[in-house]
Amino acid sequence: MELSGLQIFKYLPGAKKAEHSNCKECGCPTCMAFAIKLAKHQIDISSCPYISEELRNLYDISSKQPQKTVEINGLKIGGENVLYRHEKTFINKTAIAVIVKSKEEFKRAKEFEITRVNEHMKIDLVILKCEIEKELIGDTNTIRYEEFEKLPLLKIEKNTFSETAQELIKIRERAIKEKDEKYSSPIYIQFSAEKDLKVVCAEASFYICKYANMLVFEKFDEALISTLMTLRQNIYTDPQKPLQVESKIYEFNNPDENSLIFMTTNFALTFFAVANELESLPVPSYLIVTPADGMSVLTAWSAEKFTAKMVAKTLKKWDFASKVKNRKIIIPGLLAHMKKELEDEIKDFEIVVGTVDAYAIADFVKNYTK
Ligand code: SF4
């Protein structure tokens with residue numbers, strides 16, 4: 001495991017109130033500042049002349065890369081250095097590869113694409129067990145099967161799901177906790193074409209969470225891959241960087257000055273859930289997306305990122321009141337308690353409490369516009 005700033009500090013003169021404590025020779029104002037920088041690899045350990053042998057050894061071990069990275073035409077596999085996503089973030093998402101044995105299969109794999117939360121996802125790697133013309137390959141990431149087998153990846157082949165899962169966990173733990181070189185190769189699991197699709201889906205879902213670096217499918221199935229990519233996207237987003245969309249006023253179905261006005265925060269999942277519903281409404285609408293550091297409505301409210309003052313500021317910034325005649329803004333049902341506060345602050349608009357869930361918007365609008 002990587003050493004934290006606090007763990008490093010314990011070994012420095014500053015923590016022991018020893019000679020040279022906070023002497024600044026390293027260029028940092030205090031030993032604690034040095035420790036924090038060292039933990040982030042922003043300073044060389046030798047900048048402090050008073051490092052103990054014990055700390056140097058510990059730091060050397062902790063700085064070793066626990067898992068190697070293997071690159072296939074720009075696709076990075078492995079390179080992970082934490083066990084749990086909340087510790088830092090996972091680095092390279094579990095790659096999804098398919099083995100193709102015919103031109104038809106190749107075409108299906110090449111054309112496959114899904115878009116979710118603004119991310120376009122395609123098959124990461126197509127492993128060729130047949131000849132495909134260069135022109136047809138285009139920019140698809142491919143590798144010959146014989147070449148793929150020579151890569152420094154570790155294939156896990158156990159008889160049961162339970163054995164495979166235990167092996168994956170064991171290997172990741174040894175790589176991360178003990179930095180054991182024997183376990184530093186990125187891992188992949190190969191699914192046979194004969195295996196039941198539901199079982200493949202369940203097992204592959206587990207392996208994406210713990211801890212396959214790559215999944216290889218001998219049979220290409222669009223529904224299976226869509227499901228796995230959706231799961232993978234959720235696991236591999238950086239928890240420190242919430243998915244967010246641009247904060248602005250979005251328009252659906254050519255709204256005019258009398259169209260419905262909805263409001264939400266810039267958390268991407270909320271935005272796309274609401275946007276999908278507004279797109280399919282039989283009436284046009286606006287969606288005001290307020291800046292909230294990518295937090296969902298209730299989280300933003302509790303973190304004071306969605307306040308009446310901020311909403312008023314946002315509307316003023318876009319001069320929205322002068323653009324529309326409609327004087328009613330529909331807010332998410334979860335923020336019903338803010339109705340009065342918002343109305344006190346936003347003099348130009350009346351606040352209408354909308355639905356808690358996005359899927360209920362269509363019914364809400366049906367009754368609202370009766
Ligand atoms: Fe502390 Fe070493 Fe920096 Fe001096 S040189 S402040 S002892 S970390």
# chains A, B, ... in the order shown; residues from 1 in each chain; ligands from 1

call {"tool": "residues_near_ligand", "arguments": {"ligand": "ligand 1", "cutoff": "6 Å", "atoms": "only C-alpha atoms and all ligand atoms", "output": "list in words"}}
result
Pro13, Gly14, His20, Ser21, Asn22, Cys23, Lys24, Glu25, Cys26, Cys28, Thr30, Cys31, Phe34, Cys48 and Tyr50 of chain A

call {"tool": "write_last_selection", "arguments": {"atoms": "C-alpha atoms", "output": "mmCIF file, in the first residue's frame"}}
result
data_model
loop_
_atom_site.group_PDB
_atom_site.id
_atom_site.type_symbol
_atom_site.label_atom_id
_atom_site.label_comp_id
_atom_site.auth_asym_id
_atom_site.auth_seq_id
_atom_site.Cartn_x
_atom_site.Cartn_y
_atom_site.Cartn_z
ATOM 1 C CA PRO A 13 12.117 14.871 12.813
ATOM 2 C CA GLY A 14 9.019 17.084 13.084
ATOM 3 C CA HIS A 20 16.224 19.648 12.455
ATOM 4 C CA SER A 21 12.473 19.579 13.058
ATOM 5 C CA ASN A 22 10.829 21.916 10.488
ATOM 6 C CA CYS A 23 14.287 23.090 9.382
ATOM 7 C CA LYS A 24 13.014 23.875 5.831
ATOM 8 C CA GLU A 25 16.147 22.427 4.176
ATOM 9 C CA CYS A 26 13.895 20.406 1.881
ATOM 10 C CA CYS A 28 8.998 22.898 2.477
ATOM 11 C CA THR A 30 7.334 22.120 7.730
ATOM 12 C CA CYS A 31 8.032 18.387 7.989
ATOM 13 C CA PHE A 34 7.166 17.625 3.092
ATOM 14 C CA CYS A 48 15.349 15.859 3.182
ATOM 15 C CA TYR A 50 17.398 13.561 7.669
#

call {"tool": "residues_around", "arguments": {"residues": "Lys76 of chain A", "least_positions_apart": "6", "cutoff": "7 Å", "atoms": "only C-alpha atoms", "output": "ChimeraX atom specification"}}
result
/A:69-70,92

call {"tool": "write_last_selection", "arguments": {"atoms": "N, CA and C atoms", "output": "mmCIF file, in the first residue's frame"}}
result
data_model
loop_
_atom_site.group_PDB
_atom_site.id
_atom_site.type_symbol
_atom_site.label_atom_id
_atom_site.label_comp_id
_atom_site.auth_asym_id
_atom_site.auth_seq_id
_atom_site.Cartn_x
_atom_site.Cartn_y
_atom_site.Cartn_z
ATOM 1 N N THR A 69 1.473 -2.350 -16.425
ATOM 2 C CA THR A 69 0.514 -1.916 -17.456
ATOM 3 C C THR A 69 0.937 -2.539 -18.779
ATOM 4 N N VAL A 70 -0.007 -3.152 -19.464
ATOM 5 C CA VAL A 70 0.272 -3.707 -20.791
ATOM 6 C C VAL A 70 -0.498 -2.867 -21.799
ATOM 7 N N ASN A 92 -7.297 1.919 -15.163
ATOM 8 C CA ASN A 92 -7.683 1.483 -16.508
ATOM 9 C C ASN A 92 -8.872 0.525 -16.420
#

call {"tool": "select_by_dssp", "arguments": {"residues": "segment 87-325 of chain A", "states": "alpha helix (DSSP H)", "output": "number ranges by chain"}}
result
A: 103-111, 134-137, 145-149, 161-177, 197-209, 222-235, 268-279, 297-302, 308-317

call {"tool": "write_last_selection", "arguments": {"atoms": "C-alpha atoms", "output": "short mmCIF file (atom, residue, chain, number, x, y, z; two decimals), in the first residue's frame"}}
result
data_model
loop_
_atom_site.label_atom_id
_atom_site.label_comp_id
_atom_site.auth_asym_id
_atom_site.auth_seq_id
_atom_site.Cartn_x
_atom_site.Cartn_y
_atom_site.Cartn_z
CA LYS A 103 -15.90 -11.34 -41.55
CA GLU A 104 -19.55 -11.10 -40.46
CA GLU A 105 -18.63 -11.34 -36.80
CA PHE A 106 -15.93 -8.73 -37.30
CA LYS A 107 -18.38 -6.32 -38.94
CA ARG A 108 -20.81 -6.68 -36.01
CA ALA A 109 -18.04 -6.06 -33.48
CA LYS A 110 -16.72 -3.10 -35.45
CA GLU A 111 -20.12 -1.45 -35.77
CA LYS A 134 -6.89 -3.84 -43.90
CA GLU A 135 -9.50 -1.52 -45.40
CA LEU A 136 -12.26 -3.22 -43.43
CA ILE A 137 -10.31 -3.08 -40.16
CA TYR A 145 -4.90 -14.33 -31.81
CA GLU A 146 -1.32 -15.69 -31.93
CA GLU A 147 0.03 -12.25 -30.97
CA PHE A 148 -2.53 -11.83 -28.22
CA GLU A 149 -1.41 -15.09 -26.62
CA PHE A 161 -16.83 -19.25 -10.64
CA SER A 162 -16.01 -19.38 -6.94
CA GLU A 163 -12.43 -20.54 -7.56
CA THR A 164 -11.92 -17.91 -10.24
CA ALA A 165 -13.28 -15.14 -8.01
CA GLN A 166 -11.07 -16.20 -5.11
CA GLU A 167 -8.03 -16.32 -7.38
CA LEU A 168 -8.72 -12.82 -8.73
CA ILE A 169 -9.06 -11.41 -5.22
CA LYS A 170 -5.95 -13.21 -4.00
CA ILE A 171 -3.85 -11.92 -6.90
CA ARG A 172 -4.99 -8.31 -6.57
CA GLU A 173 -4.42 -8.37 -2.79
CA ARG A 174 -0.91 -9.79 -3.14
CA ALA A 175 -0.08 -7.27 -5.86
CA ILE A 176 -1.35 -4.27 -3.92
CA LYS A 177 -0.65 -5.12 -0.30
CA LEU A 197 -25.25 -16.15 -21.73
CA LYS A 198 -26.99 -15.39 -18.42
CA VAL A 199 -24.21 -17.12 -16.52
CA VAL A 200 -21.59 -15.27 -18.56
CA CYS A 201 -23.30 -11.97 -17.75
CA ALA A 202 -23.46 -12.67 -14.01
CA GLU A 203 -19.88 -13.90 -13.79
CA ALA A 204 -18.43 -11.17 -16.00
CA SER A 205 -20.23 -8.53 -13.91
CA PHE A 206 -18.51 -9.83 -10.80
CA TYR A 207 -15.11 -9.96 -12.53
CA ILE A 208 -15.45 -6.32 -13.63
CA CYS A 209 -15.89 -5.37 -9.96
CA GLU A 222 -24.55 -7.02 -28.28
CA ALA A 223 -26.93 -7.18 -25.30
CA LEU A 224 -24.30 -8.78 -23.09
CA ILE A 225 -21.63 -6.24 -24.00
CA SER A 226 -24.04 -3.29 -23.52
CA THR A 227 -24.92 -4.53 -20.04
CA LEU A 228 -21.29 -5.00 -19.06
CA MET A 229 -20.20 -1.64 -20.44
CA THR A 230 -22.95 0.08 -18.46
CA LEU A 231 -21.80 -1.60 -15.26
CA ARG A 232 -18.16 -0.87 -16.08
CA GLN A 233 -18.89 2.81 -16.61
CA ASN A 234 -20.34 3.03 -13.10
CA ILE A 235 -17.40 1.26 -11.49
CA ALA A 268 -24.83 14.00 -15.33
CA LEU A 269 -27.01 11.05 -14.33
CA THR A 270 -29.84 13.33 -13.20
CA PHE A 271 -29.45 15.50 -16.28
CA PHE A 272 -29.68 12.62 -18.76
CA ALA A 273 -32.60 11.02 -16.91
CA VAL A 274 -34.55 14.31 -17.05
CA ALA A 275 -33.38 15.22 -20.57
CA ASN A 276 -34.57 11.86 -21.96
CA GLU A 277 -38.02 12.47 -20.52
CA LEU A 278 -38.21 16.07 -21.78
CA GLU A 279 -37.13 14.98 -25.26
CA VAL A 297 -30.20 17.67 -6.24
CA LEU A 298 -30.47 16.57 -2.63
CA THR A 299 -26.71 16.23 -2.15
CA ALA A 300 -26.23 19.67 -3.70
CA TRP A 301 -28.85 21.12 -1.37
CA SER A 302 -27.28 19.57 1.74
CA ALA A 308 -32.05 30.08 -3.51
CA LYS A 309 -29.36 32.74 -3.89
CA MET A 310 -27.40 30.59 -6.36
CA VAL A 311 -30.50 29.82 -8.41
CA ALA A 312 -31.33 33.54 -8.56
CA LYS A 313 -27.75 34.30 -9.62
CA THR A 314 -27.91 31.65 -12.35
CA LEU A 315 -31.16 33.01 -13.79
CA LYS A 316 -29.76 36.52 -13.72
CA LYS A 317 -26.58 35.42 -15.46
#

call {"tool": "residues_around", "arguments": {"residues": "segment 184-195 of chain A", "least_positions_apart": "2", "cutoff": "7 Å", "atoms": "only C-alpha atoms", "output": "PDB file with all heavy atoms, in the first residue's frame"}}
result
ATOM      1  N   PRO A  66       2.461  -1.674  -8.159  1.00  0.00           N
ATOM      2  CA  PRO A  66       1.973  -3.006  -7.805  1.00  0.00           C
ATOM      3  C   PRO A  66       1.563  -3.851  -9.006  1.00  0.00           C
ATOM      4  O   PRO A  66       1.734  -5.063  -9.000  1.00  0.00           O
ATOM      5  CB  PRO A  66       0.769  -2.733  -6.912  1.00  0.00           C
ATOM      6  CG  PRO A  66       0.436  -1.320  -7.068  1.00  0.00           C
ATOM      7  CD  PRO A  66       1.586  -0.613  -7.681  1.00  0.00           C
ATOM      8  N   GLN A  67       1.008  -3.205 -10.015  1.00  0.00           N
ATOM      9  CA  GLN A  67       0.567  -4.005 -11.165  1.00  0.00           C
ATOM     10  C   GLN A  67       1.112  -3.359 -12.439  1.00  0.00           C
ATOM     11  O   GLN A  67       1.048  -2.142 -12.604  1.00  0.00           O
ATOM     12  CB  GLN A  67      -0.960  -4.045 -11.228  1.00  0.00           C
ATOM     13  CG  GLN A  67      -1.465  -5.061 -12.216  1.00  0.00           C
ATOM     14  CD  GLN A  67      -2.995  -5.070 -12.298  1.00  0.00           C
ATOM     15  OE1 GLN A  67      -3.611  -4.043 -12.497  1.00  0.00           O
ATOM     16  NE2 GLN A  67      -3.576  -6.245 -12.151  1.00  0.00           N
ATOM     17  N   LYS A  68       1.654  -4.196 -13.308  1.00  0.00           N
ATOM     18  CA  LYS A  68       2.210  -3.665 -14.566  1.00  0.00           C
ATOM     19  C   LYS A  68       1.096  -3.199 -15.499  1.00  0.00           C
ATOM     20  O   LYS A  68      -0.046  -3.649 -15.368  1.00  0.00           O
ATOM     21  CB  LYS A  68       3.009  -4.759 -15.276  1.00  0.00           C
ATOM     22  CG  LYS A  68       4.290  -5.117 -14.555  1.00  0.00           C
ATOM     23  CD  LYS A  68       5.036  -6.193 -15.320  1.00  0.00           C
ATOM     24  CE  LYS A  68       6.173  -6.726 -14.465  1.00  0.00           C
ATOM     25  NZ  LYS A  68       6.270  -8.166 -14.472  1.00  0.00           N
ATOM     26  N   THR A  69       1.473  -2.350 -16.425  1.00  0.00           N
ATOM     27  CA  THR A  69       0.514  -1.916 -17.456  1.00  0.00           C
ATOM     28  C   THR A  69       0.937  -2.539 -18.779  1.00  0.00           C
ATOM     29  O   THR A  69       2.106  -2.491 -19.136  1.00  0.00           O
ATOM     30  CB  THR A  69       0.528  -0.379 -17.595  1.00  0.00           C
ATOM     31  OG1 THR A  69       0.260   0.187 -16.319  1.00  0.00           O
ATOM     32  CG2 THR A  69      -0.516   0.094 -18.592  1.00  0.00           C
ATOM     33  N   ILE A  77      -3.964  -1.776 -20.232  1.00  0.00           N
ATOM     34  CA  ILE A  77      -4.584  -2.809 -19.400  1.00  0.00           C
ATOM     35  C   ILE A  77      -3.758  -2.947 -18.126  1.00  0.00           C
ATOM     36  O   ILE A  77      -2.525  -3.048 -18.181  1.00  0.00           O
ATOM     37  CB  ILE A  77      -4.632  -4.147 -20.160  1.00  0.00           C
ATOM     38  CG1 ILE A  77      -5.490  -3.978 -21.407  1.00  0.00           C
ATOM     39  CG2 ILE A  77      -5.188  -5.268 -19.298  1.00  0.00           C
ATOM     40  CD1 ILE A  77      -5.270  -5.049 -22.425  1.00  0.00           C
ATOM     41  N   GLY A  78      -4.438  -2.969 -16.964  1.00  0.00           N
ATOM     42  CA  GLY A  78      -3.728  -3.116 -15.686  1.00  0.00           C
ATOM     43  C   GLY A  78      -3.317  -1.774 -15.122  1.00  0.00           C
ATOM     44  O   GLY A  78      -4.002  -0.772 -15.306  1.00  0.00           O
ATOM     45  N   PRO A 152       2.168 -10.217 -22.170  1.00  0.00           N
ATOM     46  CA  PRO A 152       2.450 -10.562 -20.760  1.00  0.00           C
ATOM     47  C   PRO A 152       1.226 -10.376 -19.869  1.00  0.00           C
ATOM     48  O   PRO A 152       1.215  -9.570 -18.939  1.00  0.00           O
ATOM     49  CB  PRO A 152       3.572  -9.585 -20.393  1.00  0.00           C
ATOM     50  CG  PRO A 152       3.416  -8.439 -21.322  1.00  0.00           C
ATOM     51  CD  PRO A 152       2.792  -8.954 -22.578  1.00  0.00           C
ATOM     52  N   LEU A 153       0.165 -11.090 -20.197  1.00  0.00           N
ATOM     53  CA  LEU A 153      -1.066 -11.051 -19.402  1.00  0.00           C
ATOM     54  C   LEU A 153      -1.227 -12.413 -18.742  1.00  0.00           C
ATOM     55  O   LEU A 153      -0.767 -13.426 -19.281  1.00  0.00           O
ATOM     56  CB  LEU A 153      -2.277 -10.794 -20.299  1.00  0.00           C
ATOM     57  CG  LEU A 153      -2.338  -9.478 -21.057  1.00  0.00           C
ATOM     58  CD1 LEU A 153      -3.421  -9.523 -22.121  1.00  0.00           C
ATOM     59  CD2 LEU A 153      -2.586  -8.322 -20.107  1.00  0.00           C
ATOM     60  N   LEU A 154      -1.907 -12.427 -17.607  1.00  0.00           N
ATOM     61  CA  LEU A 154      -2.122 -13.703 -16.909  1.00  0.00           C
ATOM     62  C   LEU A 154      -3.562 -14.154 -17.126  1.00  0.00           C
ATOM     63  O   LEU A 154      -4.492 -13.430 -16.792  1.00  0.00           O
ATOM     64  CB  LEU A 154      -1.848 -13.503 -15.415  1.00  0.00           C
ATOM     65  CG  LEU A 154      -1.999 -14.714 -14.523  1.00  0.00           C
ATOM     66  CD1 LEU A 154      -0.972 -15.788 -14.869  1.00  0.00           C
ATOM     67  CD2 LEU A 154      -1.856 -14.306 -13.059  1.00  0.00           C
ATOM     68  N   LYS A 155      -3.702 -15.360 -17.712  1.00  0.00           N
ATOM     69  CA  LYS A 155      -5.053 -15.877 -17.940  1.00  0.00           C
ATOM     70  C   LYS A 155      -5.463 -16.753 -16.750  1.00  0.00           C
ATOM     71  O   LYS A 155      -4.716 -17.663 -16.372  1.00  0.00           O
ATOM     72  CB  LYS A 155      -5.053 -16.707 -19.227  1.00  0.00           C
ATOM     73  CG  LYS A 155      -6.409 -17.252 -19.622  1.00  0.00           C
ATOM     74  CD  LYS A 155      -6.271 -18.017 -20.924  1.00  0.00           C
ATOM     75  CE  LYS A 155      -7.590 -18.552 -21.418  1.00  0.00           C
ATOM     76  NZ  LYS A 155      -7.430 -19.339 -22.649  1.00  0.00           N
ATOM     77  N   ILE A 156      -6.606 -16.464 -16.186  1.00  0.00           N
ATOM     78  CA  ILE A 156      -7.069 -17.281 -15.060  1.00  0.00           C
ATOM     79  C   ILE A 156      -8.035 -18.330 -15.606  1.00  0.00           C
ATOM     80  O   ILE A 156      -9.046 -17.994 -16.215  1.00  0.00           O
ATOM     81  CB  ILE A 156      -7.804 -16.423 -13.989  1.00  0.00           C
ATOM     82  CG1 ILE A 156      -6.918 -15.282 -13.510  1.00  0.00           C
ATOM     83  CG2 ILE A 156      -8.286 -17.274 -12.825  1.00  0.00           C
ATOM     84  CD1 ILE A 156      -5.777 -15.681 -12.657  1.00  0.00           C
ATOM     85  N   ALA A 175      -0.737  -8.304  -5.047  1.00  0.00           N
ATOM     86  CA  ALA A 175      -0.081  -7.266  -5.860  1.00  0.00           C
ATOM     87  C   ALA A 175      -0.083  -5.928  -5.128  1.00  0.00           C
ATOM     88  O   ALA A 175       0.932  -5.247  -5.060  1.00  0.00           O
ATOM     89  CB  ALA A 175      -0.790  -7.128  -7.206  1.00  0.00           C
ATOM     90  N   ASP A 180       4.027  -7.921  -4.503  1.00  0.00           N
ATOM     91  CA  ASP A 180       4.726  -9.145  -4.898  1.00  0.00           C
ATOM     92  C   ASP A 180       4.784  -9.217  -6.429  1.00  0.00           C
ATOM     93  O   ASP A 180       3.751  -9.268  -7.099  1.00  0.00           O
ATOM     94  CB  ASP A 180       3.954 -10.355  -4.336  1.00  0.00           C
ATOM     95  CG  ASP A 180       4.727 -11.644  -4.496  1.00  0.00           C
ATOM     96  OD1 ASP A 180       5.508 -11.747  -5.470  1.00  0.00           O
ATOM     97  OD2 ASP A 180       4.550 -12.543  -3.666  1.00  0.00           O
ATOM     98  N   GLU A 181       6.017  -9.215  -6.957  1.00  0.00           N
ATOM     99  CA  GLU A 181       6.238  -9.215  -8.428  1.00  0.00           C
ATOM    100  C   GLU A 181       5.522 -10.367  -9.127  1.00  0.00           C
ATOM    101  O   GLU A 181       5.068 -10.241 -10.251  1.00  0.00           O
ATOM    102  CB  GLU A 181       7.738  -9.345  -8.722  1.00  0.00           C
ATOM    103  CG  GLU A 181       8.556  -8.163  -8.301  1.00  0.00           C
ATOM    104  CD  GLU A 181       8.831  -7.215  -9.449  1.00  0.00           C
ATOM    105  OE1 GLU A 181       8.795  -7.683 -10.594  1.00  0.00           O
ATOM    106  OE2 GLU A 181       9.053  -6.023  -9.181  1.00  0.00           O
ATOM    107  N   LYS A 182       5.403 -11.499  -8.415  1.00  0.00           N
ATOM    108  CA  LYS A 182       4.782 -12.700  -9.014  1.00  0.00           C
ATOM    109  C   LYS A 182       3.334 -12.433  -9.435  1.00  0.00           C
ATOM    110  O   LYS A 182       2.780 -13.117 -10.276  1.00  0.00           O
ATOM    111  CB  LYS A 182       4.775 -13.843  -7.990  1.00  0.00           C
ATOM    112  CG  LYS A 182       6.040 -14.665  -7.991  1.00  0.00           C
ATOM    113  CD  LYS A 182       5.848 -16.003  -7.314  1.00  0.00           C
ATOM    114  CE  LYS A 182       5.239 -15.921  -5.970  1.00  0.00           C
ATOM    115  NZ  LYS A 182       5.666 -16.550  -4.828  1.00  0.00           N
ATOM    116  N   LEU A 197     -25.434 -17.601 -21.705  1.00  0.00           N
ATOM    117  CA  LEU A 197     -25.246 -16.151 -21.729  1.00  0.00           C
ATOM    118  C   LEU A 197     -25.571 -15.482 -20.384  1.00  0.00           C
ATOM    119  O   LEU A 197     -24.908 -14.536 -19.969  1.00  0.00           O
ATOM    120  CB  LEU A 197     -26.128 -15.565 -22.831  1.00  0.00           C
ATOM    121  CG  LEU A 197     -25.551 -14.385 -23.587  1.00  0.00           C
ATOM    122  CD1 LEU A 197     -24.166 -14.669 -24.114  1.00  0.00           C
ATOM    123  CD2 LEU A 197     -26.476 -13.999 -24.714  1.00  0.00           C
ATOM    124  N   VAL A 200     -22.717 -16.118 -18.139  1.00  0.00           N
ATOM    125  CA  VAL A 200     -21.588 -15.271 -18.563  1.00  0.00           C
ATOM    126  C   VAL A 200     -21.787 -13.851 -18.040  1.00  0.00           C
ATOM    127  O   VAL A 200     -20.880 -13.235 -17.489  1.00  0.00           O
ATOM    128  CB  VAL A 200     -21.462 -15.247 -20.119  1.00  0.00           C
ATOM    129  CG1 VAL A 200     -20.438 -14.214 -20.562  1.00  0.00           C
ATOM    130  CG2 VAL A 200     -21.081 -16.621 -20.645  1.00  0.00           C
ATOM    131  N   ALA A 212     -10.822  -8.365 -12.678  1.00  0.00           N
ATOM    132  CA  ALA A 212     -10.259  -8.689 -13.994  1.00  0.00           C
ATOM    133  C   ALA A 212      -9.851  -7.411 -14.706  1.00  0.00           C
ATOM    134  O   ALA A 212     -10.567  -6.425 -14.677  1.00  0.00           O
ATOM    135  CB  ALA A 212     -11.280  -9.441 -14.823  1.00  0.00           C
ATOM    136  N   ASN A 213      -8.675  -7.440 -15.328  1.00  0.00           N
ATOM    137  CA  ASN A 213      -8.245  -6.274 -16.118  1.00  0.00           C
ATOM    138  C   ASN A 213      -8.778  -6.353 -17.536  1.00  0.00           C
ATOM    139  O   ASN A 213      -8.820  -5.352 -18.240  1.00  0.00           O
ATOM    140  CB  ASN A 213      -6.720  -6.187 -16.143  1.00  0.00           C
ATOM    141  CG  ASN A 213      -6.135  -6.093 -14.754  1.00  0.00           C
ATOM    142  OD1 ASN A 213      -5.616  -7.066 -14.222  1.00  0.00           O
ATOM    143  ND2 ASN A 213      -6.276  -4.940 -14.132  1.00  0.00           N
ATOM    144  N   MET A 214      -9.153  -7.580 -17.942  1.00  0.00           N
ATOM    145  CA  MET A 214      -9.695  -7.730 -19.292  1.00  0.00           C
ATOM    146  C   MET A 214     -10.623  -8.946 -19.334  1.00  0.00           C
ATOM    147  O   MET A 214     -10.393  -9.949 -18.651  1.00  0.00           O
ATOM    148  CB  MET A 214      -8.531  -7.950 -20.259  1.00  0.00           C
ATOM    149  CG  MET A 214      -8.950  -8.054 -21.697  1.00  0.00           C
ATOM    150  SD  MET A 214      -7.514  -8.353 -22.715  1.00  0.00           S
ATOM    151  CE  MET A 214      -7.769  -7.190 -23.974  1.00  0.00           C
ATOM    152  N   LEU A 215     -11.699  -8.819 -20.110  1.00  0.00           N
ATOM    153  CA  LEU A 215     -12.604  -9.947 -20.328  1.00  0.00           C
ATOM    154  C   LEU A 215     -12.583 -10.254 -21.820  1.00  0.00           C
ATOM    155  O   LEU A 215     -12.703  -9.333 -22.645  1.00  0.00           O
ATOM    156  CB  LEU A 215     -14.031  -9.593 -19.898  1.00  0.00           C
ATOM    157  CG  LEU A 215     -14.226  -9.241 -18.422  1.00  0.00           C
ATOM    158  CD1 LEU A 215     -15.671  -8.812 -18.166  1.00  0.00           C
ATOM    159  CD2 LEU A 215     -13.867 -10.415 -17.523  1.00  0.00           C
ATOM    160  N   VAL A 216     -12.418 -11.528 -22.150  1.00  0.00           N
ATOM    161  CA  VAL A 216     -12.353 -11.921 -23.559  1.00  0.00           C
ATOM    162  C   VAL A 216     -13.545 -12.843 -23.839  1.00  0.00           C
ATOM    163  O   VAL A 216     -13.728 -13.855 -23.152  1.00  0.00           O
ATOM    164  CB  VAL A 216     -11.024 -12.642 -23.860  1.00  0.00           C
ATOM    165  CG1 VAL A 216     -10.995 -13.125 -25.305  1.00  0.00           C
ATOM    166  CG2 VAL A 216      -9.848 -11.721 -23.581  1.00  0.00           C
ATOM    167  N   PHE A 217     -14.336 -12.498 -24.841  1.00  0.00           N
ATOM    168  CA  PHE A 217     -15.527 -13.280 -25.163  1.00  0.00           C
ATOM    169  C   PHE A 217     -15.336 -14.001 -26.500  1.00  0.00           C
ATOM    170  O   PHE A 217     -15.002 -13.361 -27.496  1.00  0.00           O
ATOM    171  CB  PHE A 217     -16.764 -12.381 -25.227  1.00  0.00           C
ATOM    172  CG  PHE A 217     -17.035 -11.699 -23.919  1.00  0.00           C
ATOM    173  CD1 PHE A 217     -16.521 -10.440 -23.658  1.00  0.00           C
ATOM    174  CD2 PHE A 217     -17.757 -12.348 -22.922  1.00  0.00           C
ATOM    175  CE1 PHE A 217     -16.735  -9.817 -22.441  1.00  0.00           C
ATOM    176  CE2 PHE A 217     -17.977 -11.739 -21.701  1.00  0.00           C
ATOM    177  CZ  PHE A 217     -17.466 -10.463 -21.454  1.00  0.00           C
ATOM    178  N   GLU A 218     -15.562 -15.313 -26.472  1.00  0.00           N
ATOM    179  CA  GLU A 218     -15.426 -16.072 -27.718  1.00  0.00           C
ATOM    180  C   GLU A 218     -16.659 -15.896 -28.596  1.00  0.00           C
ATOM    181  O   GLU A 218     -16.629 -16.216 -29.775  1.00  0.00           O
ATOM    182  CB  GLU A 218     -15.207 -17.557 -27.402  1.00  0.00           C
ATOM    183  CG  GLU A 218     -13.850 -17.803 -26.762  1.00  0.00           C
ATOM    184  CD  GLU A 218     -13.635 -19.247 -26.380  1.00  0.00           C
ATOM    185  OE1 GLU A 218     -14.471 -20.102 -26.748  1.00  0.00           O
ATOM    186  OE2 GLU A 218     -12.641 -19.516 -25.698  1.00  0.00           O
ATOM    187  N   LYS A 219     -17.761 -15.451 -27.949  1.00  0.00           N
ATOM    188  CA  LYS A 219     -18.976 -15.200 -28.731  1.00  0.00           C
ATOM    189  C   LYS A 219     -19.386 -13.749 -28.506  1.00  0.00           C
ATOM    190  O   LYS A 219     -19.420 -13.279 -27.363  1.00  0.00           O
ATOM    191  CB  LYS A 219     -20.082 -16.140 -28.233  1.00  0.00           C
ATOM    192  CG  LYS A 219     -21.318 -16.117 -29.072  1.00  0.00           C
ATOM    193  CD  LYS A 219     -22.195 -17.265 -28.603  1.00  0.00           C
ATOM    194  CE  LYS A 219     -23.647 -16.947 -28.772  1.00  0.00           C
ATOM    195  NZ  LYS A 219     -24.486 -17.865 -28.059  1.00  0.00           N
TER     196      LYS A 219
END

call {"tool": "residues_around", "arguments": {"residues": "Ile351 of chain A", "least_positions_apart": "3", "cutoff": "12 Å", "atoms": "only C-alpha atoms", "output": "MDAnalysis selection string"}}
result
chainID A and resid 261:263 308 311 326:333 335:348 354

call {"tool": "residues_around", "arguments": {"residues": "Lys325 of chain A", "least_positions_apart": "4", "cutoff": "9 Å", "atoms": "only C-alpha atoms", "output": "ChimeraX atom specification"}}
result
/A:256-259,321

call {"tool": "atom_distance", "arguments": {"atom1": "atom CA of Gly138 of chain A", "atom2": "atom CA of Gly79 of chain A"}}
result
27.9 Å

call {"tool": "atom_distance", "arguments": {"atom1": "atom CA of Val100 of chain A", "atom2": "atom CA of Asn159 of chain A"}}
result
24.2 Å

call {"tool": "atom_distance", "arguments": {"atom1": "atom CA of Asn253 of chain A", "atom2": "atom CA of Val283 of chain A"}}
result
7.2 Å
